[in-house]
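Novice: Enclosed is the structure file coords-v6.txt (compact mmCIF, C-alpha atoms and all ligand atoms).
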# COMPACT_ATOMS: atom_id res chain seq x y z
CA MET A 1 14.77 -12.08 18.93
CA LYS A 2 13.45 -11.80 15.41
CA ASP A 3 11.88 -8.52 14.26
CA ILE A 4 8.12 -8.53 13.98
CA VAL A 5 6.92 -7.24 10.62
CA VAL A 6 3.37 -6.30 9.65
CA SER A 7 2.07 -4.93 6.38
CA GLY A 8 -1.02 -5.07 4.24
CA ILE A 9 -2.51 -3.85 1.00
CA ARG A 10 -6.14 -2.87 0.48
CA SER A 11 -8.20 -5.14 -1.74
CA THR A 12 -9.39 -2.46 -4.13
CA GLY A 13 -8.17 -3.87 -7.46
CA ASN A 14 -5.23 -5.68 -8.94
CA LEU A 15 -1.69 -4.99 -7.79
CA HIS A 16 0.47 -2.73 -9.93
CA LEU A 17 4.17 -2.01 -10.21
CA GLY A 18 3.90 0.68 -7.49
CA ASN A 19 2.51 -1.85 -5.03
CA TYR A 20 5.12 -4.38 -6.11
CA TYR A 21 8.25 -2.22 -5.85
CA GLY A 22 6.93 0.00 -3.04
CA ALA A 23 5.74 -2.83 -0.82
CA LEU A 24 5.35 -6.41 -2.01
CA CYS A 25 8.90 -7.17 -3.12
CA ASN A 26 10.11 -6.04 0.30
CA PHE A 27 7.57 -8.34 1.95
CA VAL A 28 9.09 -11.23 0.01
CA LYS A 29 12.63 -10.37 1.11
CA MET A 30 11.67 -9.77 4.73
CA GLN A 31 10.03 -13.13 5.24
CA GLU A 32 13.48 -14.76 5.17
CA GLU A 33 14.72 -13.19 8.39
CA SER A 34 11.73 -11.83 10.33
CA ASN A 35 8.52 -12.94 11.95
CA CYS A 36 6.14 -11.62 9.28
CA TYR A 37 2.40 -10.97 9.17
CA PHE A 38 1.10 -9.97 5.74
CA PHE A 39 -2.58 -9.38 5.24
CA ILE A 40 -5.23 -8.23 2.81
CA ALA A 41 -6.89 -5.09 4.17
CA ASP A 42 -10.48 -5.83 3.17
CA LEU A 43 -11.95 -3.72 5.99
CA HIS A 44 -9.90 -0.74 4.88
CA ALA A 45 -11.17 -1.33 1.34
CA LEU A 46 -14.72 -0.76 2.60
CA THR A 47 -13.91 2.86 3.39
CA THR A 48 -13.86 3.63 -0.34
CA HIS A 49 -15.03 0.50 -2.22
CA PRO A 50 -18.10 -0.96 -0.47
CA ASP A 51 -19.18 -3.36 -3.23
CA PRO A 52 -20.61 -6.73 -2.14
CA ALA A 53 -20.39 -8.11 -5.66
CA MET A 54 -16.64 -7.45 -5.85
CA LEU A 55 -15.50 -7.85 -2.26
CA HIS A 56 -14.61 -11.53 -2.32
CA GLU A 57 -13.20 -11.41 -5.84
CA ASN A 58 -10.91 -8.51 -4.92
CA VAL A 59 -9.61 -10.33 -1.85
CA LYS A 60 -8.98 -13.44 -3.92
CA ASN A 61 -7.06 -11.43 -6.53
CA ILE A 62 -4.70 -9.90 -3.98
CA LEU A 63 -4.22 -13.22 -2.23
CA ALA A 64 -3.25 -14.92 -5.52
CA GLU A 65 -0.97 -11.99 -6.35
CA TYR A 66 0.74 -12.12 -2.94
CA LEU A 67 1.45 -15.82 -3.38
CA ALA A 68 2.48 -15.47 -7.02
CA ALA A 69 4.97 -12.72 -6.12
CA GLY A 70 6.66 -15.07 -3.67
CA LEU A 71 4.97 -14.79 -0.29
CA ASP A 72 5.30 -18.20 1.29
CA PRO A 73 2.67 -19.37 3.80
CA GLU A 74 5.29 -21.55 5.46
CA LYS A 75 7.53 -18.55 6.13
CA SER A 76 4.96 -15.80 6.75
CA THR A 77 1.53 -15.54 8.29
CA ILE A 78 -0.69 -14.57 5.37
CA PHE A 79 -4.24 -13.64 6.34
CA ILE A 80 -7.34 -11.62 5.61
CA GLN A 81 -7.92 -8.68 7.94
CA SER A 82 -11.63 -9.43 8.52
CA ASP A 83 -10.79 -13.01 9.55
CA VAL A 84 -9.18 -11.61 12.70
CA PRO A 85 -11.95 -9.97 14.76
CA GLU A 86 -9.42 -9.06 17.46
CA ILE A 87 -8.19 -6.30 15.13
CA SER A 88 -11.64 -4.71 15.05
CA GLN A 89 -11.83 -4.93 18.84
CA LEU A 90 -8.49 -3.22 19.30
CA TYR A 91 -9.58 -0.59 16.75
CA LEU A 92 -12.61 0.20 18.90
CA LEU A 93 -10.54 0.46 22.08
CA MET A 94 -7.83 2.49 20.34
CA ASN A 95 -10.41 4.99 19.06
CA MET A 96 -11.05 6.03 22.68
CA HIS A 97 -7.55 7.49 22.68
CA VAL A 98 -7.60 9.19 19.30
CA GLY A 99 -8.71 12.76 18.63
CA ILE A 100 -11.22 13.63 15.93
CA GLY A 101 -9.08 16.67 15.09
CA GLU A 102 -5.92 14.73 14.41
CA LEU A 103 -7.88 12.32 12.21
CA MET A 104 -9.43 15.18 10.25
CA ARG A 105 -6.02 16.68 9.61
CA THR A 106 -4.66 13.49 7.98
CA ALA A 107 -3.66 14.14 4.35
CA SER A 108 -5.17 10.91 3.00
CA PHE A 109 -8.46 11.68 4.78
CA LYS A 110 -8.70 15.14 3.23
CA ASP A 111 -7.92 13.68 -0.19
CA LYS A 112 -10.47 10.94 -0.01
CA ALA A 113 -13.09 13.07 1.76
CA ARG A 114 -12.82 15.54 -1.12
CA LYS A 115 -13.68 12.70 -3.48
CA GLN A 116 -16.61 11.45 -1.38
CA LEU A 117 -17.97 15.00 -1.27
CA HIS A 118 -17.48 15.26 -5.04
CA LEU A 119 -15.39 18.40 -4.62
CA ASP A 120 -13.11 19.23 -7.48
CA THR A 121 -9.77 17.60 -6.67
CA HIS A 122 -7.89 20.20 -8.69
CA ALA A 123 -9.53 23.30 -7.30
CA ASN A 124 -7.56 24.08 -4.19
CA GLU A 125 -10.54 23.90 -1.91
CA SER A 126 -9.45 25.37 1.43
CA GLU A 127 -9.25 23.00 4.36
CA ASP A 128 -11.82 25.04 6.23
CA ALA A 129 -14.24 24.66 3.34
CA ILE A 130 -13.80 20.89 3.32
CA GLU A 131 -14.31 20.63 7.07
CA LYS A 132 -17.42 22.82 6.87
CA GLU A 133 -18.82 20.68 4.05
CA ILE A 134 -18.16 17.51 6.06
CA ILE A 135 -20.11 18.62 9.10
CA SER A 136 -22.79 20.58 7.27
CA ASP A 137 -26.41 19.42 7.60
CA THR A 138 -27.18 20.41 4.07
CA SER A 139 -24.36 18.60 2.29
CA LYS A 140 -25.85 16.10 -0.16
CA ASN A 141 -22.88 13.82 0.22
CA ARG A 142 -21.57 11.98 3.23
CA VAL A 143 -18.02 11.22 4.32
CA ASN A 144 -18.12 7.92 6.16
CA ALA A 145 -16.70 7.67 9.67
CA GLY A 146 -14.71 4.60 8.62
CA LEU A 147 -12.66 6.84 6.38
CA LEU A 148 -12.02 9.24 9.25
CA THR A 149 -10.83 6.43 11.53
CA TYR A 150 -8.77 4.70 8.83
CA PRO A 151 -5.51 5.51 10.67
CA THR A 152 -6.84 3.98 13.90
CA LEU A 153 -7.62 0.72 12.10
CA MET A 154 -4.18 0.76 10.50
CA ALA A 155 -2.60 1.31 13.92
CA ALA A 156 -4.62 -1.63 15.31
CA ASP A 157 -3.36 -3.84 12.42
CA ILE A 158 0.22 -3.05 13.34
CA LEU A 159 0.07 -2.81 17.12
CA ILE A 160 -1.94 -6.00 17.60
CA HIS A 161 1.18 -7.98 16.64
CA LYS A 162 3.55 -5.51 18.36
CA ALA A 163 5.33 -4.97 15.05
CA THR A 164 8.52 -2.93 14.88
CA LYS A 165 8.98 -2.81 11.11
CA VAL A 166 6.39 -1.96 8.49
CA PRO A 167 7.38 -2.24 4.82
CA VAL A 168 5.26 0.37 2.98
CA GLY A 169 5.75 2.99 0.29
CA LYS A 170 6.41 6.67 0.93
CA ASP A 171 2.72 7.62 0.85
CA GLN A 172 2.09 5.72 4.10
CA GLU A 173 4.61 7.66 6.22
CA GLN A 174 1.98 9.87 7.81
CA HIS A 175 -0.17 6.90 8.82
CA LEU A 176 2.85 5.28 10.43
CA GLU A 177 3.71 8.46 12.27
CA MET A 178 0.18 8.38 13.70
CA THR A 179 0.56 4.72 14.69
CA ARG A 180 3.69 5.66 16.65
CA ARG A 181 1.87 8.53 18.32
CA PHE A 182 -1.08 6.30 19.30
CA ALA A 183 1.31 3.66 20.68
CA ARG A 184 3.20 6.23 22.73
CA ARG A 185 -0.02 7.75 23.99
CA PHE A 186 -1.47 4.40 25.05
CA ASN A 187 1.74 3.45 26.86
CA SER A 188 1.91 6.75 28.68
CA VAL A 189 -1.80 6.96 29.62
CA TYR A 190 -1.61 3.56 31.30
CA GLY A 191 2.02 3.74 32.42
CA VAL A 192 3.00 0.60 30.52
CA GLU A 193 5.49 -0.42 27.84
CA LEU A 194 2.99 -2.48 25.90
CA PHE A 195 3.41 -1.26 22.34
CA PRO A 196 6.74 -0.72 20.57
CA GLU A 197 6.93 2.17 18.08
CA PRO A 198 7.03 0.81 14.53
CA THR A 199 8.95 2.41 11.67
CA SER A 200 8.68 2.05 7.91
CA TYR A 201 11.29 -0.22 6.44
CA ASN A 202 12.95 -0.50 3.06
CA PHE A 203 16.25 -2.29 3.66
CA GLY A 204 18.11 0.87 4.61
CA GLN A 205 17.05 2.70 1.46
CA ALA A 206 14.67 5.64 1.29
CA SER A 207 11.05 4.62 0.63
CA ILE A 208 10.36 4.62 -3.07
CA LYS A 209 7.68 6.17 -5.19
CA VAL A 210 6.97 4.47 -8.50
CA PRO A 211 5.77 7.11 -11.00
CA GLY A 212 2.84 6.68 -13.37
CA LEU A 213 3.01 6.52 -17.16
CA ASP A 214 0.98 9.66 -17.64
CA GLY A 215 3.81 12.06 -17.01
CA SER A 216 3.02 13.07 -13.48
CA GLY A 217 2.54 11.85 -9.94
CA LYS A 218 2.63 8.30 -8.63
CA MET A 219 1.36 5.11 -10.14
CA GLY A 220 -1.94 4.44 -8.37
CA LYS A 221 -5.11 2.42 -8.86
CA SER A 222 -7.32 5.46 -8.84
CA GLU A 223 -5.01 7.38 -11.15
CA GLY A 224 -5.66 5.09 -14.16
CA ASN A 225 -1.95 5.08 -15.01
CA CYS A 226 -0.95 1.60 -13.87
CA ILE A 227 0.94 -1.37 -15.15
CA TYR A 228 -0.56 -4.38 -13.41
CA LEU A 229 1.33 -7.52 -12.45
CA CYS A 230 -1.38 -9.48 -14.27
CA ASP A 231 -1.32 -7.42 -17.49
CA GLU A 232 -1.00 -9.51 -20.64
CA GLU A 233 2.23 -8.98 -22.55
CA LYS A 234 0.53 -7.17 -25.44
CA VAL A 235 -1.41 -4.85 -23.15
CA LEU A 236 1.68 -4.08 -21.11
CA ARG A 237 3.79 -3.23 -24.15
CA LYS A 238 1.05 -1.00 -25.48
CA LYS A 239 0.81 0.89 -22.17
CA VAL A 240 4.56 1.51 -22.08
CA MET A 241 4.72 2.57 -25.72
CA ARG A 242 1.93 5.10 -25.05
CA ALA A 243 3.66 6.63 -22.01
CA VAL A 244 3.82 10.42 -22.11
CA THR A 245 7.18 11.91 -23.22
CA ASP A 246 8.28 15.29 -24.57
CA GLU A 247 9.66 16.63 -27.87
CA GLY A 248 13.19 15.42 -27.03
CA PRO A 249 16.34 17.16 -25.75
CA GLN A 250 17.41 20.11 -27.95
CA VAL A 251 20.78 20.88 -26.35
CA PRO A 252 23.27 18.45 -24.75
CA ASN A 253 22.95 17.74 -21.02
CA SER A 254 19.59 19.47 -20.64
CA PRO A 255 17.51 18.81 -17.55
CA LYS A 256 14.73 16.27 -17.99
CA SER A 257 11.05 17.13 -18.09
CA GLU A 258 8.84 15.39 -15.53
CA PRO A 259 7.52 12.71 -17.94
CA LEU A 260 11.09 11.83 -18.92
CA GLU A 261 12.29 11.86 -15.35
CA ASN A 262 9.49 9.39 -14.62
CA LEU A 263 10.51 7.05 -17.44
CA PHE A 264 14.10 7.09 -16.21
CA THR A 265 12.93 6.44 -12.65
CA LEU A 266 11.06 3.37 -13.88
CA LEU A 267 14.08 2.27 -15.90
CA LYS A 268 16.29 2.57 -12.80
CA ILE A 269 13.88 0.35 -10.90
CA VAL A 270 13.55 -2.43 -13.46
CA SER A 271 16.70 -2.37 -15.60
CA THR A 272 20.40 -2.98 -14.99
CA PRO A 273 22.72 0.01 -14.31
CA ASP A 274 24.43 -0.33 -17.71
CA VAL A 275 21.09 -0.06 -19.53
CA VAL A 276 20.29 3.08 -17.52
CA SER A 277 23.66 4.69 -18.25
CA TYR A 278 23.36 3.81 -21.95
CA PHE A 279 20.09 5.76 -22.24
CA GLU A 280 21.34 8.58 -19.96
CA GLU A 281 24.25 9.05 -22.34
CA GLN A 282 21.98 9.00 -25.37
CA TYR A 283 19.75 11.57 -23.70
CA ASN A 284 22.68 13.78 -22.80
CA ASN A 285 24.08 13.80 -26.34
CA CYS A 286 20.61 14.29 -27.86
CA SER A 287 20.65 11.08 -29.90
CA ILE A 288 18.02 9.31 -27.80
CA ARG A 289 15.03 7.69 -29.48
CA TYR A 290 12.21 7.46 -26.98
CA GLY A 291 10.76 4.47 -28.86
CA ASP A 292 13.92 2.47 -28.10
CA LEU A 293 13.86 3.51 -24.47
CA LYS A 294 10.25 2.40 -24.14
CA LYS A 295 10.89 -0.93 -25.89
CA GLN A 296 13.71 -1.67 -23.47
CA LEU A 297 11.60 -0.56 -20.52
CA ALA A 298 8.72 -2.86 -21.54
CA GLU A 299 11.16 -5.74 -22.03
CA ASP A 300 12.64 -5.31 -18.56
CA ILE A 301 9.27 -4.91 -16.86
CA LEU A 302 8.12 -8.12 -18.55
CA LYS A 303 11.12 -9.99 -17.14
CA THR A 304 9.60 -9.44 -13.69
CA THR A 305 5.90 -9.59 -14.46
CA THR A 306 5.67 -12.53 -16.91
CA PRO A 307 6.54 -15.29 -14.42
CA ILE A 308 4.37 -13.62 -11.77
CA ARG A 309 1.42 -13.43 -14.17
CA GLU A 310 1.75 -17.12 -15.01
CA ARG A 311 1.73 -18.04 -11.33
CA ILE A 312 -1.27 -15.75 -10.64
CA LEU A 313 -3.35 -17.61 -13.23
CA ASP A 314 -2.29 -20.94 -11.82
CA ILE A 315 -2.89 -20.07 -8.16
CA ARG A 316 -6.21 -18.30 -8.76
CA SER A 317 -7.71 -21.50 -10.10
CA ASN A 318 -6.64 -23.53 -7.07
CA ASP A 319 -9.42 -22.81 -4.56
CA GLU A 320 -8.44 -25.68 -2.31
CA TYR A 321 -4.94 -24.25 -1.86
CA LEU A 322 -6.24 -20.70 -1.26
CA ARG A 323 -8.66 -22.01 1.36
CA ARG A 324 -5.83 -23.77 3.20
CA VAL A 325 -3.58 -20.71 3.12
CA VAL A 326 -6.16 -18.34 4.60
CA ALA A 327 -7.34 -20.82 7.24
CA GLN A 328 -3.80 -21.40 8.47
CA GLY A 329 -3.05 -17.67 8.30
CA ALA A 330 -6.15 -16.71 10.27
CA GLU A 331 -5.36 -19.23 12.96
CA ARG A 332 -1.81 -17.99 13.46
CA ALA A 333 -2.74 -14.31 13.25
CA ARG A 334 -5.57 -14.74 15.76
CA GLU A 335 -3.26 -16.44 18.20
CA SER A 336 -0.86 -13.50 18.25
CA ALA A 337 -3.71 -10.94 18.14
CA ALA A 338 -5.61 -12.55 21.03
CA ARG A 339 -2.50 -12.36 23.22
CA THR A 340 -2.11 -8.61 22.71
CA LEU A 341 -5.83 -7.91 23.03
CA ALA A 342 -5.93 -9.72 26.38
CA GLU A 343 -3.06 -7.52 27.63
CA VAL A 344 -4.78 -4.36 26.39
CA ARG A 345 -8.05 -5.29 28.07
CA LYS A 346 -6.28 -5.98 31.33
CA VAL A 347 -4.40 -2.71 31.26
CA MET A 348 -7.62 -0.81 30.52
CA GLY A 349 -9.38 -2.38 33.48
CA PHE A 350 -11.62 -5.07 32.00
CA LYS A 351 -12.02 -7.93 34.46
CA ALA A 352 -13.87 -11.24 34.48
CA PHE A 353 -16.64 -11.69 37.06
P1 LIG A 401 -3.01 2.55 -4.53
O1 LIG A 401 -2.35 3.87 -4.27
O2 LIG A 401 -2.80 2.06 -5.89
O3 LIG A 401 -4.46 2.52 -4.10
P2 LIG A 401 -2.45 1.26 -2.04
O4 LIG A 401 -2.75 2.56 -1.37
O5 LIG A 401 -3.40 0.12 -1.84
O6 LIG A 401 -2.27 1.50 -3.59
O7 LIG A 401 -0.99 0.83 -1.61
C1 LIG A 401 -0.55 -0.42 -1.17
C2 LIG A 401 0.93 -0.39 -0.89
O8 LIG A 401 1.65 -0.10 -2.08
C3 LIG A 401 1.37 0.68 0.13
O9 LIG A 401 2.44 0.18 0.91
C4 LIG A 401 1.84 1.81 -0.72
O10 LIG A 401 2.81 2.61 -0.07
C5 LIG A 401 2.45 1.08 -1.90
N1 LIG A 401 2.36 1.88 -3.12
C6 LIG A 401 1.23 2.17 -3.82
N2 LIG A 401 1.52 2.92 -4.91
C7 LIG A 401 2.87 3.11 -4.89
C8 LIG A 401 3.78 3.79 -5.75
N3 LIG A 401 3.38 4.39 -6.86
N4 LIG A 401 5.10 3.78 -5.42
C9 LIG A 401 5.53 3.13 -4.31
N5 LIG A 401 4.72 2.48 -3.46
C10 LIG A 401 3.41 2.45 -3.73
N1 LIG A 402 -3.04 1.97 4.47
C1 LIG A 402 -2.30 1.04 3.69
C2 LIG A 402 -2.39 1.45 2.21
O1 LIG A 402 -3.26 2.17 1.81
C3 LIG A 402 -2.80 -0.37 3.84
C4 LIG A 402 -2.68 -0.84 5.25
C5 LIG A 402 -3.72 -1.06 6.11
C6 LIG A 402 -1.46 -1.14 5.95
N2 LIG A 402 -3.23 -1.50 7.30
C7 LIG A 402 -1.87 -1.56 7.25
C8 LIG A 402 -0.12 -1.11 5.62
C9 LIG A 402 -0.94 -1.94 8.22
C10 LIG A 402 0.81 -1.49 6.59
C11 LIG A 402 0.41 -1.91 7.88
O2 LIG A 402 -1.60 1.00 1.46
Can the structure from this file be put into structure tokens for me?

Specialist:
Amino acid sequence: MKDIVVSGIRSTGNLHLGNYYGALCNFVKMQEESNCYFFIADLHALTTHPDPAMLHENVKNILAEYLAAGLDPEKSTIFIQSDVPEISQLYLLMNMHVGIGELMRTASFKDKARKQLHLDTHANESEDAIEKEIISDTSKNRVNAGLLTYPTLMAADILIHKATKVPVGKDQEQHLEMTRRFARRFNSVYGVELFPEPTSYNFGQASIKVPGLDGSGKMGKSEGNCIYLCDEEKVLRKKVMRAVTDEGPQVPNSPKSEPLENLFTLLKIVSTPDVVSYFEEQYNNCSIRYGDLKKQLAEDILKTTTPIRERILDIRSNDEYLRRVVAQGAERARESAARTLAEVRKVMGFKAF
């Protein structure tokens, strides 16, 4: 039996190198040997980006980027989350088995709630203070319940196809852990073996974290430190050349500062091992010129992104093709989703009159 794979990306902006190396390029590889469902998480996007003017455009961008990066509608089921209402139904049923407390303790919830409350993200606001602010009557700002139940919706996305493997980046580990817990809980409450427990998957390697160009943290849409798959060559080169560095190694074999570590991490991802060892050596003997390193880095990133960018532009203008892809995807995804939902309803006691 083939593995069942599910993964999705929120439609909150264009895809960047973090999305590509953390998730999308694994999607492309996995579609060769598994039964894959890849979707655009437009409902999840509403938890932070409820913008009617941009909603469709954002979905279209991700769809074109999925296809341009190599997702093949003949090999995978490619669909839009909101086209499969069975997911929302399972989400509602699942929520009856999920605790408010465990949702409130989720790291991504606390992060995003802090932003919705306009609390200073750098001040180490205590967790108690955040929780108090959330439930306070006098708070001027509101944290939406969709954000709180984000992990339930993600679990519904995965469990509705009974997936066992979920290709995602490191930052999604906690959500997956919750999905496993919800699956186990559902099975044990009803004494069934309905849902398998899914794990994150990266071809036997540890999940990766693509760093940003600003010297710290991960590359992320909200961090403003991204290289996008659709960046024009000139823009991309400029971004790389402006990446944060340091004053250079003063003594041989010195440890690297975080910005440098980040540049080398990127180089390891996009360049060949001999290019990496060449610059490692130059760094270690203090002869490195960061300008050369950046030029090489930009060159090697462009080798991946240029053909993808060309295909994005091509595919984006082909509405007829996009329409066909999503219609076929929705049909296949609904078929599988309806099967699971019917089982869940039966187990929970729903009956026809
Ligand atoms: P963002 O953080 O930019 O909003 P998403 O949260 O929509 O991106 O992530 C979509 C997918 O891309 C997830 O599987 C996530 O793990 C992966 N991903 C995002 N940023 C990175 C990164 N910097 N390194 C590795 N994987 C990433
Ligand atoms: N939460 C994921 C992210 O922010 C997106 C996502 C939603 C997802 N549902 C999923 C990923 C199901 C894998 C499987 O990136």

Novice: Using only C-alpha atoms and all ligand atoms, which protein or nucleic acid residues are at most 7 Å from ligand LIG 401 (chain A), as a PyMOL selection string?

Specialist: chain A and resi 9-10+12+18-23+167-172+208-212+218-222

Novice: If I put a ball of radius 12 Å at (12.2, 10.7, -19.1) in the file's coordinates, which residues poke into it when counting only C-alpha atoms, written as a PyMOL selection string?

Specialist: chain A and resi 211-216+243-249+254-268+276+279-280+282-284+288-291+293-294+297

Novice: May I ask for the distance between atom CA of Gly13 of chain A and atom CA of Ser139 of chain A, given in Å to one decimal place?

Specialist: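 Calculated distance between atom CA of Gly13 of chain A and atom CA of Ser139 of chain A is 29.4 Å.
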
Novice: Which of these, A:His44, A:His161, A:Lys2, A:His16, has the shortest distance to Arg332 of chain A once you count all atoms listed in the file?

Specialist: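 Nearest to Arg332 of chain A: A:His161.
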
Novice: If you count only C-alpha atoms, which residues fall within 9 Å of segment 320-322 of chain A, apart from same-chain ones fewer than 6 positions away, as a ChimeraX atom specification?

Specialist: /A:60,63-64

Novice: For the selection you just gave me, I'd like the residues written to a file as a short mmCIF file (atom, residue, chain, number, x, y, z; two decimals), in the coordinates of the input, keeping C-alpha atoms.

Specialist:
data_model
loop_
_atom_site.label_atom_id
_atom_site.label_comp_id
_atom_site.auth_asym_id
_atom_site.auth_seq_id
_atom_site.Cartn_x
_atom_site.Cartn_y
_atom_site.Cartn_z
CA LYS A 60 -8.98 -13.44 -3.92
CA LEU A 63 -4.22 -13.22 -2.23
CA ALA A 64 -3.25 -14.92 -5.52
#

Novice: Which of these residues is nearest to Gln328 of chain A, using only C-alpha atoms: A:Leu147, A:Ala53, A:Val275, A:Ile78?

Specialist: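 Smallest separation from Gln328 of chain A among the options: A:Ile78.
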
Novice: Could you extract segment 156-210 of chain A of the given structure into a file holding C-alpha atoms, as a CSV table (one decimal), in the first residue's frame?

Specialist:
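Printed below is selection11.csv as written:
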chain,number,residue,atom,x,y,z
A,156,ALA,CA,-8.8,17.9,10.1
A,157,ASP,CA,-6.8,18.6,6.9
A,158,ILE,CA,-4.5,15.7,7.6
A,159,LEU,CA,-6.8,13.2,9.2
A,160,ILE,CA,-9.6,13.5,6.6
A,161,HIS,CA,-7.3,11.7,4.2
A,162,LYS,CA,-5.8,9.4,6.9
A,163,ALA,CA,-2.4,10.6,6.0
A,164,THR,CA,0.7,9.0,7.6
A,165,LYS,CA,3.4,11.4,6.2
A,166,VAL,CA,3.3,15.2,6.3
A,167,PRO,CA,6.2,17.1,4.6
A,168,VAL,CA,6.6,20.3,6.6
A,169,GLY,CA,9.4,22.5,8.0
A,170,LYS,CA,10.6,22.3,11.6
A,171,ASP,CA,8.2,25.1,12.7
A,172,GLN,CA,5.2,22.8,12.2
A,173,GLU,CA,6.4,20.0,14.6
A,174,GLN,CA,4.2,21.2,17.4
A,175,HIS,CA,1.1,21.3,15.2
A,176,LEU,CA,1.8,17.7,14.0
A,177,GLU,CA,2.3,16.5,17.6
A,178,MET,CA,-1.2,17.9,18.3
A,179,THR,CA,-2.6,16.2,15.3
A,180,ARG,CA,-1.3,12.9,16.6
A,181,ARG,CA,-2.7,13.5,20.0
A,182,PHE,CA,-6.2,14.3,18.6
A,183,ALA,CA,-6.1,11.2,16.4
A,184,ARG,CA,-5.1,9.0,19.4
A,185,ARG,CA,-7.8,10.6,21.5
A,186,PHE,CA,-10.5,10.2,18.9
A,187,ASN,CA,-9.6,6.5,18.4
A,188,SER,CA,-9.5,5.8,22.1
A,189,VAL,CA,-12.7,7.7,23.0
A,190,TYR,CA,-14.7,5.7,20.5
A,191,GLY,CA,-12.6,2.4,20.7
A,192,VAL,CA,-11.7,2.5,17.0
A,193,GLU,CA,-8.6,2.5,14.9
A,194,LEU,CA,-9.9,5.1,12.5
A,195,PHE,CA,-7.0,7.6,12.3
A,196,PRO,CA,-3.4,6.7,11.8
A,197,GLU,CA,-0.8,8.9,13.6
A,198,PRO,CA,1.0,11.1,11.0
A,199,THR,CA,4.6,12.1,11.3
A,200,SER,CA,6.6,14.9,9.6
A,201,TYR,CA,8.7,13.7,6.7
A,202,ASN,CA,11.9,14.9,5.1
A,203,PHE,CA,13.4,11.9,3.4
A,204,GLY,CA,15.1,10.6,6.5
A,205,GLN,CA,16.8,13.9,7.1
A,206,ALA,CA,16.1,16.3,10.0
A,207,SER,CA,13.5,19.0,9.1
A,208,ILE,CA,15.3,22.1,7.9
A,209,LYS,CA,15.1,25.7,8.8
A,210,VAL,CA,16.0,28.2,6.0
